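*Asks:* To be precise about what I am sending: the file is called final-v1.cif and holds mmCIF, C-alpha atoms.
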```
data_entry
loop_
_atom_site.label_atom_id
_atom_site.label_comp_id
_atom_site.auth_asym_id
_atom_site.auth_seq_id
_atom_site.Cartn_x
_atom_site.Cartn_y
_atom_site.Cartn_z
CA ALA R 20 104.03 227.11 148.66
CA LYS R 21 104.20 226.05 145.04
CA PRO R 22 101.41 227.61 142.96
CA GLN R 23 98.85 225.06 141.80
CA GLY R 24 97.48 224.81 138.31
CA ILE R 25 94.29 223.30 136.95
CA MET R 26 95.88 219.88 136.44
CA ALA R 27 97.20 219.78 140.02
CA LEU R 28 93.73 220.61 141.36
CA LEU R 29 92.23 217.92 139.11
CA ASP R 30 94.73 215.32 140.32
CA GLU R 31 94.05 216.32 143.92
CA GLN R 32 90.32 215.65 143.49
CA CYS R 33 91.04 212.30 141.85
CA LEU R 34 93.24 211.22 144.75
CA LEU R 35 90.42 211.91 147.19
CA GLY R 36 88.05 209.00 147.41
CA GLN R 37 85.08 211.30 147.14
CA GLY R 38 86.40 214.01 144.84
CA SER R 39 83.80 215.54 142.56
CA ASP R 40 83.43 217.84 139.57
CA ALA R 41 81.54 220.29 141.81
CA LYS R 42 84.39 220.42 144.34
CA LEU R 43 86.93 220.75 141.52
CA ILE R 44 85.17 223.76 140.00
CA SER R 45 84.76 225.28 143.47
CA ASN R 46 88.50 224.89 144.14
CA MET R 47 89.35 226.30 140.70
CA HIS R 48 87.13 229.34 141.22
CA ALA R 49 88.70 229.88 144.66
CA ALA R 50 92.25 229.56 143.29
CA PHE R 51 91.92 231.46 140.01
CA GLY R 52 88.57 233.29 139.89
CA LYS R 53 87.63 236.88 140.63
CA GLY R 54 90.73 238.23 138.89
CA LYS R 55 93.28 236.07 140.72
CA HIS R 56 94.60 234.78 137.38
CA PRO R 57 94.42 236.82 134.15
CA CYS R 58 93.77 233.76 131.95
CA TYR R 59 90.92 232.28 134.01
CA GLU R 60 87.30 233.33 134.23
CA GLU R 61 84.33 231.83 136.01
CA ALA R 62 81.41 230.94 133.75
CA GLY R 63 77.90 230.95 135.11
CA PRO R 64 74.38 232.25 134.44
CA SER R 65 75.29 235.80 135.50
CA THR R 66 78.48 235.99 133.39
CA PRO R 67 78.84 236.98 129.73
CA TRP R 68 79.20 233.27 129.00
CA ARG R 69 75.62 232.51 130.18
CA ALA R 70 76.67 229.00 131.10
CA ARG R 71 76.01 226.69 134.02
CA ALA R 72 78.09 227.34 137.10
CA ALA R 73 80.15 224.13 136.63
CA ASN R 74 82.07 225.66 133.77
CA PHE R 75 85.11 227.86 133.37
CA VAL R 76 86.87 229.85 130.68
CA VAL R 77 90.57 229.78 129.87
CA LYS R 78 91.80 232.74 127.85
CA HIS R 79 94.19 231.08 125.40
CA TYR R 80 96.41 233.01 122.98
CA ALA R 81 93.89 232.34 120.19
CA GLY R 82 90.91 233.43 122.26
CA PRO R 83 88.76 232.39 125.20
CA ILE R 84 87.55 228.78 125.41
CA LEU R 85 84.61 227.65 127.55
CA TYR R 86 85.24 224.32 129.30
CA LEU R 87 82.49 222.09 130.66
CA CYS R 88 83.67 220.56 133.92
CA SER R 89 81.17 217.70 133.84
CA GLY R 90 83.02 214.37 133.76
CA PHE R 91 86.52 215.77 134.40
CA ILE R 92 87.03 213.62 137.51
CA ASP R 93 85.88 210.36 135.90
CA LYS R 94 87.94 210.96 132.75
CA ASN R 95 91.07 211.77 134.75
CA ARG R 96 90.71 208.60 136.82
CA ASP R 97 91.20 206.43 133.73
CA THR R 98 94.25 204.23 134.15
CA LEU R 99 97.15 203.71 131.77
CA PHE R 100 97.93 200.32 130.36
CA GLU R 101 100.60 198.84 132.64
CA SER R 102 103.15 198.62 129.83
CA LEU R 103 102.66 202.18 128.53
CA PRO R 104 104.97 203.99 131.01
CA GLU R 105 107.76 201.47 130.32
CA LEU R 106 107.28 201.86 126.58
CA MET R 107 107.39 205.65 126.85
CA ARG R 108 110.56 205.55 129.00
CA SER R 109 112.25 203.60 126.19
CA SER R 110 111.46 206.35 123.66
CA SER R 111 114.35 207.67 121.57
CA SER R 112 113.09 211.17 122.42
CA PRO R 113 114.67 212.32 125.69
CA PHE R 114 111.72 214.64 126.27
CA VAL R 115 109.11 211.88 125.92
CA ALA R 116 111.17 209.51 128.09
CA SER R 117 111.45 212.19 130.79
CA LEU R 118 107.65 212.43 131.05
CA PHE R 119 107.51 208.92 132.55
CA PRO R 120 110.18 208.71 135.27
CA GLU R 121 110.74 205.52 137.27
CA LYS R 122 108.81 205.56 140.53
#
```
Mind turning this structure into structure tokens?
*Replies:*
Amino acid sequence: AKPQGIMALLDEQCLLGQGSDAKLISNMHAAFGKGKHPCYEEAGPSTPWRARAANFVVKHYAGPILYLCSGFIDKNRDTLFESLPELMRSSSSPFVASLFPEK
């Protein structure tokens, strides 16, 4: 099976009619927490981050960043303007155009 990243788990929750931030963070902790991924850390009251349980830490090259999961699902459900994918496909940059393939 193809390994899933944070964005894939986020998209999965958005596709579910009743996806939630709580379920997202639970899935992320299950997939990456407890040492399963070296760049991911759970953040909660009993961790060095002293944060709510619905948070996580990504260890970026410049240092660890605490992310608040609240609102991730709603923000990811935002829709694109209908004309945006077509506009992006017409970009003179092959890379940008490749990000919006025809469906």
*Asks:* For the provided coordinates, the residues matched by the PyMOL selection byres ((chain R and resi 84) around 12) should be stated as JSON, numbers by chain.
*Replies:* {"R": [58, 59, 60, 61, 62, 68, 74, 75, 76, 77, 78, 79, 80, 81, 82, 83, 85, 86, 87]}
*Asks:* Would you mind listing what lies within 9 Å of R:Phe91 as a list of chain:residue names, with only C-alpha atoms counted and same-chain residues fewer than 5 positions away left out?
*Replies:*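 Listed by chain and then number, they are R:Leu29, R:Ser39, R:Asp40, R:Leu43, R:Arg96.
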*Asks:* Kindly give the distance, in Å, that separates atom CA of R:Pro113 and atom CA of R:Asp30, rounded to a single decimal.
*Replies:* 24.9 Å
*Asks:* How many Å separate atom CA of R:Cys33 from atom CA of R:Glu121?
*Replies:*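 According to the coordinates, atom CA of R:Cys33 and atom CA of R:Glu121 are separated by 21.3 Å.
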*Asks:* Once the PyMOL selection byres ((chain R and resi 26) around 12) is applied to the coordinates I shared, what remains selected? I want it as a PyMOL selection string.
*Replies:* chain R and resi 22-25+27-33+43-44+46-47+91-92+95
